$ cat input_33.json   # JSON, C-alpha atoms
[["chain", "number", "residue", "atom", "x", "y", "z"],
["G", 1, "MET", "CA", 87.49, 131.64, 67.92],
["G", 2, "LEU", "CA", 86.25, 132.50, 64.44],
["G", 3, "GLY", "CA", 89.64, 134.02, 63.63],
["G", 4, "CYS", "CA", 91.40, 130.83, 64.72],
["G", 5, "VAL", "CA", 89.10, 128.70, 62.60],
["G", 6, "LEU", "CA", 89.61, 130.90, 59.54],
["G", 7, "GLY", "CA", 93.34, 130.87, 60.12],
["G", 8, "LEU", "CA", 93.38, 127.06, 59.99],
["G", 9, "VAL", "CA", 91.37, 126.79, 56.76],
["G", 10, "PRO", "CA", 94.35, 127.25, 54.37],
["G", 11, "ALA", "CA", 96.45, 124.64, 56.16],
["G", 12, "THR", "CA", 93.50, 122.24, 56.24],
["G", 13, "TRP", "CA", 93.00, 122.75, 52.50],
["G", 14, "MET", "CA", 96.68, 122.03, 51.81],
["G", 15, "HIS", "CA", 96.65, 118.79, 53.77],
["G", 16, "ALA", "CA", 93.36, 117.64, 52.24],
["G", 17, "VAL", "CA", 94.68, 118.20, 48.72],
["G", 18, "ALA", "CA", 98.20, 116.89, 49.21],
["G", 19, "ASP", "CA", 98.45, 114.31, 52.01],
["G", 20, "SER", "CA", 97.63, 111.31, 49.82],
["G", 21, "ARG", "CA", 100.19, 112.43, 47.24],
["G", 22, "VAL", "CA", 103.30, 112.72, 49.40],
["G", 23, "ARG", "CA", 105.80, 109.90, 48.89],
["G", 24, "THR", "CA", 109.45, 109.04, 49.50],
["G", 25, "VAL", "CA", 112.09, 108.45, 46.85],
["G", 26, "ALA", "CA", 111.57, 104.72, 47.32],
["G", 27, "ASN", "CA", 107.81, 104.64, 46.72],
["G", 28, "ALA", "CA", 107.30, 107.60, 44.40],
["G", 29, "PRO", "CA", 105.54, 106.77, 41.13],
["G", 30, "ALA", "CA", 107.44, 107.21, 37.87],
["G", 31, "ARG", "CA", 106.95, 110.54, 36.12],
["G", 32, "ASP", "CA", 108.76, 112.08, 33.18],
["G", 33, "VAL", "CA", 109.77, 115.21, 35.09],
["G", 34, "ALA", "CA", 111.07, 115.89, 38.60],
["G", 35, "VAL", "CA", 110.81, 119.52, 39.72],
["G", 36, "VAL", "CA", 113.31, 120.75, 42.33],
["G", 37, "PHE", "CA", 112.53, 124.04, 44.08],
["G", 38, "GLY", "CA", 115.34, 126.39, 45.09],
["G", 39, "ALA", "CA", 116.26, 126.70, 48.76],
["G", 40, "GLY", "CA", 119.15, 129.13, 48.91],
["G", 41, "LEU", "CA", 122.86, 129.22, 48.17],
["G", 42, "TRP", "CA", 125.88, 129.42, 50.45],
["G", 43, "GLN", "CA", 128.88, 131.04, 48.75],
["G", 44, "GLY", "CA", 127.50, 130.09, 45.36],
["G", 45, "ARG", "CA", 126.82, 126.46, 46.25],
["G", 46, "PRO", "CA", 123.49, 124.84, 47.21],
["G", 47, "SER", "CA", 122.60, 125.20, 50.87],
["G", 48, "PRO", "CA", 122.42, 121.89, 52.80],
["G", 49, "TYR", "CA", 118.64, 121.79, 52.45],
["G", 50, "LEU", "CA", 118.84, 122.43, 48.72],
["G", 51, "ALA", "CA", 121.62, 119.86, 48.35],
["G", 52, "HIS", "CA", 119.40, 117.23, 49.97],
["G", 53, "ARG", "CA", 116.62, 118.03, 47.50],
["G", 54, "LEU", "CA", 119.06, 117.64, 44.64],
["G", 55, "ASP", "CA", 120.37, 114.36, 46.04],
["G", 56, "ALA", "CA", 116.80, 113.04, 46.02],
["G", 57, "ALA", "CA", 116.27, 114.24, 42.45],
["G", 58, "ALA", "CA", 119.52, 112.56, 41.33],
["G", 59, "GLU", "CA", 118.32, 109.31, 42.88],
["G", 60, "LEU", "CA", 114.96, 109.62, 41.10],
["G", 61, "TYR", "CA", 116.87, 109.97, 37.84],
["G", 62, "ARG", "CA", 119.23, 107.07, 38.55],
["G", 63, "THR", "CA", 116.33, 104.74, 39.40],
["G", 64, "GLY", "CA", 114.38, 105.69, 36.29],
["G", 65, "LYS", "CA", 111.56, 107.40, 38.15],
["G", 66, "ALA", "CA", 112.28, 110.71, 36.43],
["G", 67, "ARG", "CA", 113.71, 111.25, 32.94],
["G", 68, "VAL", "CA", 114.25, 115.01, 33.19],
["G", 69, "VAL", "CA", 114.98, 117.30, 36.15],
["G", 70, "LEU", "CA", 113.56, 120.82, 36.06],
["G", 71, "VAL", "CA", 115.45, 123.06, 38.50],
["G", 72, "THR", "CA", 113.55, 126.20, 39.39],
["G", 73, "GLY", "CA", 114.90, 129.06, 41.46],
["G", 74, "ASP", "CA", 115.97, 132.66, 41.79],
["G", 75, "ASN", "CA", 118.28, 134.40, 39.32],
["G", 76, "SER", "CA", 117.09, 137.96, 39.91],
["G", 77, "ARG", "CA", 120.65, 139.22, 40.51],
["G", 78, "VAL", "CA", 123.82, 138.66, 38.50],
["G", 79, "GLU", "CA", 125.67, 137.40, 41.56],
["G", 80, "TYR", "CA", 122.91, 134.98, 42.65],
["G", 81, "ASP", "CA", 122.02, 132.09, 40.36],
["G", 82, "GLU", "CA", 120.21, 129.19, 41.98],
["G", 83, "PRO", "CA", 119.38, 127.21, 38.80],
["G", 84, "ASP", "CA", 122.98, 127.12, 37.53],
["G", 85, "ALA", "CA", 124.27, 126.08, 40.96],
["G", 86, "MET", "CA", 121.62, 123.35, 41.07],
["G", 87, "ARG", "CA", 122.57, 122.16, 37.57],
["G", 88, "ALA", "CA", 126.27, 121.99, 38.50],
["G", 89, "TYR", "CA", 125.48, 119.98, 41.64],
["G", 90, "LEU", "CA", 123.37, 117.48, 39.71],
["G", 91, "THR", "CA", 125.95, 116.97, 36.97],
["G", 92, "GLU", "CA", 128.58, 116.31, 39.63],
["G", 93, "ARG", "CA", 126.32, 113.49, 40.83],
["G", 94, "GLY", "CA", 125.90, 111.86, 37.48],
["G", 95, "VAL", "CA", 122.80, 113.47, 35.99],
["G", 96, "PRO", "CA", 123.60, 114.31, 32.36],
["G", 97, "ASP", "CA", 123.55, 118.00, 31.57],
["G", 98, "ASP", "CA", 121.11, 117.47, 28.72],
["G", 99, "ARG", "CA", 118.63, 115.93, 31.19],
["G", 100, "ILE", "CA", 118.51, 119.11, 33.29],
["G", 101, "VAL", "CA", 116.32, 122.09, 32.38],
["G", 102, "SER", "CA", 116.63, 125.43, 34.17],
["G", 103, "ASP", "CA", 113.86, 127.83, 35.14],
["G", 104, "TYR", "CA", 115.51, 131.12, 36.09],
["G", 105, "ALA", "CA", 112.32, 132.84, 37.26],
["G", 106, "GLY", "CA", 111.04, 130.51, 39.95],
["G", 107, "PHE", "CA", 110.82, 133.23, 42.57],
["G", 108, "ASP", "CA", 108.28, 131.43, 44.72],
["G", 109, "THR", "CA", 106.39, 128.14, 44.72],
["G", 110, "TRP", "CA", 103.38, 129.44, 42.81],
["G", 111, "ASP", "CA", 105.54, 131.03, 40.12],
["G", 112, "SER", "CA", 107.49, 127.79, 39.73],
["G", 113, "CYS", "CA", 104.32, 125.72, 39.38],
["G", 114, "VAL", "CA", 102.65, 128.03, 36.87],
["G", 115, "ARG", "CA", 105.82, 128.34, 34.81],
["G", 116, "ALA", "CA", 106.30, 124.56, 34.83],
["G", 117, "LYS", "CA", 102.88, 124.23, 33.22],
["G", 118, "LYS", "CA", 102.67, 127.28, 30.94],
["G", 119, "ILE", "CA", 106.30, 127.83, 29.95],
["G", 120, "PHE", "CA", 107.79, 124.33, 30.04],
["G", 121, "GLY", "CA", 104.69, 122.31, 29.19],
["G", 122, "VAL", "CA", 104.89, 120.00, 32.22],
["G", 123, "GLU", "CA", 101.67, 118.01, 32.65],
["G", 124, "ARG", "CA", 102.74, 115.50, 35.32],
["G", 125, "ALA", "CA", 105.64, 115.74, 37.75],
["G", 126, "LEU", "CA", 107.34, 114.63, 40.90],
["G", 127, "LEU", "CA", 108.01, 117.62, 43.16],
["G", 128, "VAL", "CA", 111.04, 117.46, 45.41],
["G", 129, "SER", "CA", 111.26, 119.43, 48.66],
["G", 130, "GLN", "CA", 111.45, 119.07, 52.43],
["G", 131, "GLY", "CA", 108.49, 117.69, 54.34],
["G", 132, "PHE", "CA", 107.42, 121.04, 55.77],
["G", 133, "HIS", "CA", 107.10, 122.52, 52.25],
["G", 134, "ILE", "CA", 106.07, 119.62, 50.05],
["G", 135, "ARG", "CA", 102.32, 119.74, 50.73],
["G", 136, "ARG", "CA", 102.14, 123.38, 49.73],
["G", 137, "ALA", "CA", 104.09, 122.60, 46.57],
["G", 138, "VAL", "CA", 101.75, 119.74, 45.65],
["G", 139, "ALA", "CA", 98.62, 121.79, 46.37],
["G", 140, "LEU", "CA", 99.84, 124.76, 44.33],
["G", 141, "CYS", "CA", 101.11, 122.73, 41.37],
["G", 142, "ARG", "CA", 97.86, 120.81, 41.20],
["G", 143, "SER", "CA", 95.98, 124.12, 41.26],
["G", 144, "ALA", "CA", 98.22, 125.30, 38.41],
["G", 145, "GLY", "CA", 97.28, 122.25, 36.33],
["G", 146, "VAL", "CA", 100.24, 119.96, 36.98],
["G", 147, "ASP", "CA", 99.28, 116.44, 38.10],
["G", 148, "SER", "CA", 101.77, 116.19, 40.96],
["G", 149, "TYR", "CA", 103.15, 113.83, 43.54],
["G", 150, "GLY", "CA", 105.50, 115.13, 46.19],
["G", 151, "VAL", "CA", 108.75, 113.53, 47.30],
["G", 152, "GLY", "CA", 109.39, 114.62, 50.87],
["G", 153, "VAL", "CA", 113.06, 114.88, 51.81],
["G", 154, "ALA", "CA", 113.74, 113.97, 55.43],
["G", 155, "GLU", "CA", 115.74, 116.37, 57.59],
["G", 156, "PRO", "CA", 116.82, 116.44, 61.25],
["G", 157, "HIS", "CA", 114.56, 118.63, 63.36],
["G", 158, "ASP", "CA", 117.04, 121.46, 63.75],
["G", 159, "ALA", "CA", 116.44, 125.21, 63.97],
["G", 160, "THR", "CA", 116.05, 125.52, 60.19],
["G", 161, "TRP", "CA", 113.42, 122.77, 60.15],
["G", 162, "TYR", "CA", 111.39, 124.43, 62.91],
["G", 163, "TYR", "CA", 111.69, 127.81, 61.17],
["G", 164, "GLY", "CA", 110.44, 126.23, 57.97],
["G", 165, "GLY", "CA", 107.47, 124.70, 59.76],
["G", 166, "VAL", "CA", 106.47, 128.00, 61.33],
["G", 167, "ARG", "CA", 106.92, 129.81, 58.02],
["G", 168, "GLU", "CA", 104.59, 127.33, 56.33],
["G", 169, "MET", "CA", 101.74, 128.28, 58.64],
["G", 170, "PHE", "CA", 101.86, 131.81, 57.26],
["G", 171, "ALA", "CA", 102.65, 130.71, 53.70],
["G", 172, "ALA", "CA", 99.50, 128.58, 53.64],
["G", 173, "GLY", "CA", 97.38, 131.73, 53.57],
["G", 174, "LYS", "CA", 99.18, 133.11, 50.53],
["G", 175, "ALA", "CA", 99.02, 129.71, 48.88],
["G", 176, "SER", "CA", 95.26, 129.52, 49.23],
["G", 177, "LEU", "CA", 94.92, 132.99, 47.71],
["G", 178, "ASP", "CA", 97.21, 132.06, 44.83],
["G", 179, "ALA", "CA", 95.16, 128.94, 44.16],
["G", 180, "ALA", "CA", 91.90, 130.89, 44.27],
["G", 181, "LEU", "CA", 92.98, 134.00, 42.33],
["G", 182, "ARG", "CA", 95.54, 132.35, 40.00],
["G", 183, "PRO", "CA", 97.78, 135.40, 39.48],
["G", 184, "ASP", "CA", 100.36, 135.38, 36.70],
["G", 185, "PRO", "CA", 103.96, 134.81, 37.81],
["G", 186, "ARG", "CA", 106.27, 137.80, 38.15],
["G", 187, "PHE", "CA", 107.76, 136.78, 34.79],
["G", 188, "LEU", "CA", 105.97, 134.61, 32.26],
["G", 189, "GLY", "CA", 107.46, 135.07, 28.80],
["G", 190, "ALA", "CA", 107.56, 132.74, 25.82],
["G", 191, "GLN", "CA", 107.25, 128.99, 25.96],
["G", 192, "GLU", "CA", 110.50, 127.04, 26.22],
["G", 193, "ARG", "CA", 111.13, 123.65, 24.62],
["G", 194, "GLY", "CA", 113.82, 122.34, 26.95],
["G", 195, "VAL", "CA", 111.65, 119.76, 28.71],
["G", 196, "ARG", "CA", 109.95, 118.60, 25.50],
["G", 197, "GLU", "CA", 113.26, 118.22, 23.66],
["G", 198, "ALA", "CA", 114.87, 116.29, 26.52],
["G", 199, "LEU", "CA", 111.90, 113.94, 26.71],
["G", 200, "ALA", "CA", 111.96, 113.42, 22.94],
["G", 201, "ASP", "CA", 115.57, 112.19, 23.09],
["G", 202, "PRO", "CA", 115.38, 108.41, 22.55],
["G", 203, "ARG", "CA", 118.47, 107.75, 24.65],
["G", 204, "ARG", "CA", 116.38, 107.74, 27.82]]
$ encode --input "input_33.json" --output "structure tokens"
Amino acid sequence: MLGCVLGLVPATWMHAVADSRVRTVANAPARDVAVVFGAGLWQGRPSPYLAHRLDAAAELYRTGKARVVLVTGDNSRVEYDEPDAMRAYLTERGVPDDRIVSDYAGFDTWDSCVRAKKIFGVERALLVSQGFHIRRAVALCRSAGVDSYGVGVAEPHDATWYYGGVREMFAAGKASLDAALRPDPRFLGAQERGVREALADPRR
């Protein structure tokens, strides 16, 4: 019984921190930056789940709720480049290229949150992901110092959705450790000015 209780603590923490900060595209508050987390590529293009996240981010931009989109994902191999695929998808849907900033070392949610704060200087953001992941993203980004609201993207309850939900139960434990121990990302590096420069542009 004690093991079960301890196992539920991380998930309880995530919901307590994030539940009141999960919104939809329609009722999300305005923030300068929307952060979109990678979710895999299929033959070099965004997977359906990632495409839906990007669709939501494009709508946030079109409605003026986000001025800049930070795409964060995996580019650890030459043949696999999530951020560039995400950028191409967004530009195809009307988001200007100079309003998109790429983080090529967002290898997991914690890394993406820490890098958003320390590398790109993001203080407040809308986070865009599916419902099963968004609370973890909000909890981790808030722990990393980013004042965050989550935009939950609706999906049909298919096999991928159920897999994601089960995965989150295990990921909650790692998330709570990341929030408590605050490890550095796999790659940190020098600060980048992409977000600041895009926000300084008076055209938007």
$ residues_around --input "input_33.json" --residues "G:Met86" --least-positions-apart "6" --cutoff "12 Å" --atoms "all atoms listed in the file" --output "VMD selection string"
chain G and resid 35 to 42 44 to 55 57 to 58 69 to 75 80 92 to 93 95 97 100 to 104
$ axis_aligned_box --input "input_33.json" --around "stretch 143-148 of chain G" --padding-each-side "6 Å" --output "AutoDock Vina command-line options"
--center_x 98.9 --center_y 120.7 --center_z 38.8 --size_x 17.8 --size_y 21.1 --size_z 16.9
$ closest_residue --input "input_33.json" --among "G:Val153, G:Val122, G:Leu177, G:Leu60" --to "G:Leu140" --atoms "only C-alpha atoms"
G:Leu177
$ residues_around --input "input_33.json" --residues "G:Thr24" --least-positions-apart "2" --cutoff "6 Å" --atoms "only C-alpha atoms" --output "MDAnalysis selection string"
chainID G and resid 26:28 151:152
$ residues_around --input "input_33.json" --residues "G:Ala11" --least-positions-apart "6" --cutoff "8 Å" --atoms "all atoms listed in the file" --output "count of residues only"
3
$ closest_residue --input "input_33.json" --among "G:Gly145, G:Gly194, G:Gly150, G:Pro29" --to "G:Val114" --atoms "all atoms listed in the file"
G:Gly145
$ atom_distance --input "input_33.json" --atom1 "atom CA of G:Pro96" --atom2 "atom CA of G:Asp201"
12.4 Å
$ build_atoms --input "input_33.json" --residues "stretch 148-159 of chain G" --atoms "all heavy atoms" --output "PDB file, keeping the file's coordinate frame"
ATOM      1  N   SER G 148     100.531 116.245  40.182  1.00  0.00           N
ATOM      2  CA  SER G 148     101.770 116.190  40.960  1.00  0.00           C
ATOM      3  C   SER G 148     101.720 115.187  42.098  1.00  0.00           C
ATOM      4  O   SER G 148     100.688 115.025  42.765  1.00  0.00           O
ATOM      5  CB  SER G 148     102.079 117.572  41.555  1.00  0.00           C
ATOM      6  OG  SER G 148     102.138 118.551  40.554  1.00  0.00           O
ATOM      7  N   TYR G 149     102.858 114.549  42.304  1.00  0.00           N
ATOM      8  CA  TYR G 149     103.150 113.830  43.540  1.00  0.00           C
ATOM      9  C   TYR G 149     104.361 114.492  44.173  1.00  0.00           C
ATOM     10  O   TYR G 149     105.262 114.964  43.472  1.00  0.00           O
ATOM     11  CB  TYR G 149     103.445 112.353  43.268  1.00  0.00           C
ATOM     12  CG  TYR G 149     102.206 111.506  43.095  1.00  0.00           C
ATOM     13  CD1 TYR G 149     101.598 111.407  41.848  1.00  0.00           C
ATOM     14  CD2 TYR G 149     101.647 110.830  44.172  1.00  0.00           C
ATOM     15  CE1 TYR G 149     100.452 110.640  41.678  1.00  0.00           C
ATOM     16  CE2 TYR G 149     100.504 110.062  44.015  1.00  0.00           C
ATOM     17  CZ  TYR G 149      99.907 109.972  42.768  1.00  0.00           C
ATOM     18  OH  TYR G 149      98.771 109.221  42.604  1.00  0.00           O
ATOM     19  N   GLY G 150     104.384 114.515  45.492  1.00  0.00           N
ATOM     20  CA  GLY G 150     105.500 115.130  46.190  1.00  0.00           C
ATOM     21  C   GLY G 150     106.447 114.085  46.754  1.00  0.00           C
ATOM     22  O   GLY G 150     106.009 113.040  47.252  1.00  0.00           O
ATOM     23  N   VAL G 151     107.721 114.366  46.673  1.00  0.00           N
ATOM     24  CA  VAL G 151     108.750 113.530  47.300  1.00  0.00           C
ATOM     25  C   VAL G 151     109.305 114.332  48.472  1.00  0.00           C
ATOM     26  O   VAL G 151     110.001 115.334  48.281  1.00  0.00           O
ATOM     27  CB  VAL G 151     109.868 113.165  46.303  1.00  0.00           C
ATOM     28  CG1 VAL G 151     110.973 112.383  47.006  1.00  0.00           C
ATOM     29  CG2 VAL G 151     109.289 112.369  45.144  1.00  0.00           C
ATOM     30  N   GLY G 152     108.960 113.900  49.672  1.00  0.00           N
ATOM     31  CA  GLY G 152     109.390 114.620  50.870  1.00  0.00           C
ATOM     32  C   GLY G 152     110.786 114.190  51.292  1.00  0.00           C
ATOM     33  O   GLY G 152     111.052 112.996  51.471  1.00  0.00           O
ATOM     34  N   VAL G 153     111.680 115.146  51.418  1.00  0.00           N
ATOM     35  CA  VAL G 153     113.060 114.880  51.810  1.00  0.00           C
ATOM     36  C   VAL G 153     113.176 115.012  53.324  1.00  0.00           C
ATOM     37  O   VAL G 153     112.846 116.058  53.888  1.00  0.00           O
ATOM     38  CB  VAL G 153     114.023 115.860  51.115  1.00  0.00           C
ATOM     39  CG1 VAL G 153     115.461 115.588  51.534  1.00  0.00           C
ATOM     40  CG2 VAL G 153     113.873 115.765  49.598  1.00  0.00           C
ATOM     41  N   ALA G 154     113.622 113.961  53.979  1.00  0.00           N
ATOM     42  CA  ALA G 154     113.740 113.970  55.430  1.00  0.00           C
ATOM     43  C   ALA G 154     114.899 114.849  55.883  1.00  0.00           C
ATOM     44  O   ALA G 154     115.937 114.911  55.225  1.00  0.00           O
ATOM     45  CB  ALA G 154     113.931 112.546  55.954  1.00  0.00           C
ATOM     46  N   GLU G 155     114.702 115.528  57.000  1.00  0.00           N
ATOM     47  CA  GLU G 155     115.740 116.370  57.590  1.00  0.00           C
ATOM     48  C   GLU G 155     115.703 116.218  59.104  1.00  0.00           C
ATOM     49  O   GLU G 155     114.646 115.947  59.684  1.00  0.00           O
ATOM     50  CB  GLU G 155     115.492 117.847  57.255  1.00  0.00           C
ATOM     51  CG  GLU G 155     115.585 118.204  55.787  1.00  0.00           C
ATOM     52  CD  GLU G 155     117.021 118.213  55.270  1.00  0.00           C
ATOM     53  OE1 GLU G 155     117.953 118.098  56.080  1.00  0.00           O
ATOM     54  OE2 GLU G 155     117.187 118.329  54.043  1.00  0.00           O
ATOM     55  N   PRO G 156     116.853 116.397  59.793  1.00  0.00           N
ATOM     56  CA  PRO G 156     116.820 116.440  61.250  1.00  0.00           C
ATOM     57  C   PRO G 156     116.033 117.658  61.714  1.00  0.00           C
ATOM     58  O   PRO G 156     115.996 118.692  61.039  1.00  0.00           O
ATOM     59  CB  PRO G 156     118.309 116.573  61.633  1.00  0.00           C
ATOM     60  CG  PRO G 156     118.960 117.156  60.420  1.00  0.00           C
ATOM     61  CD  PRO G 156     118.210 116.605  59.239  1.00  0.00           C
ATOM     62  N   HIS G 157     115.383 117.536  62.844  1.00  0.00           N
ATOM     63  CA  HIS G 157     114.560 118.630  63.360  1.00  0.00           C
ATOM     64  C   HIS G 157     115.438 119.666  64.050  1.00  0.00           C
ATOM     65  O   HIS G 157     115.445 119.807  65.275  1.00  0.00           O
ATOM     66  CB  HIS G 157     113.487 118.084  64.305  1.00  0.00           C
ATOM     67  CG  HIS G 157     112.428 117.302  63.587  1.00  0.00           C
ATOM     68  ND1 HIS G 157     111.255 116.916  64.183  1.00  0.00           N
ATOM     69  CD2 HIS G 157     112.363 116.859  62.308  1.00  0.00           C
ATOM     70  CE1 HIS G 157     110.513 116.250  63.311  1.00  0.00           C
ATOM     71  NE2 HIS G 157     111.168 116.199  62.167  1.00  0.00           N
ATOM     72  N   ASP G 158     116.182 120.411  63.229  1.00  0.00           N
ATOM     73  CA  ASP G 158     117.040 121.460  63.750  1.00  0.00           C
ATOM     74  C   ASP G 158     116.331 122.801  63.682  1.00  0.00           C
ATOM     75  O   ASP G 158     115.132 122.882  63.371  1.00  0.00           O
ATOM     76  CB  ASP G 158     118.363 121.503  62.965  1.00  0.00           C
ATOM     77  CG  ASP G 158     118.139 121.681  61.462  1.00  0.00           C
ATOM     78  OD1 ASP G 158     116.995 121.978  61.043  1.00  0.00           O
ATOM     79  OD2 ASP G 158     119.111 121.541  60.694  1.00  0.00           O
ATOM     80  N   ALA G 159     117.061 123.884  63.949  1.00  0.00           N
ATOM     81  CA  ALA G 159     116.440 125.210  63.970  1.00  0.00           C
ATOM     82  C   ALA G 159     115.853 125.578  62.614  1.00  0.00           C
ATOM     83  O   ALA G 159     114.773 126.179  62.530  1.00  0.00           O
ATOM     84  CB  ALA G 159     117.468 126.252  64.411  1.00  0.00           C
TER      85      ALA G 159
END
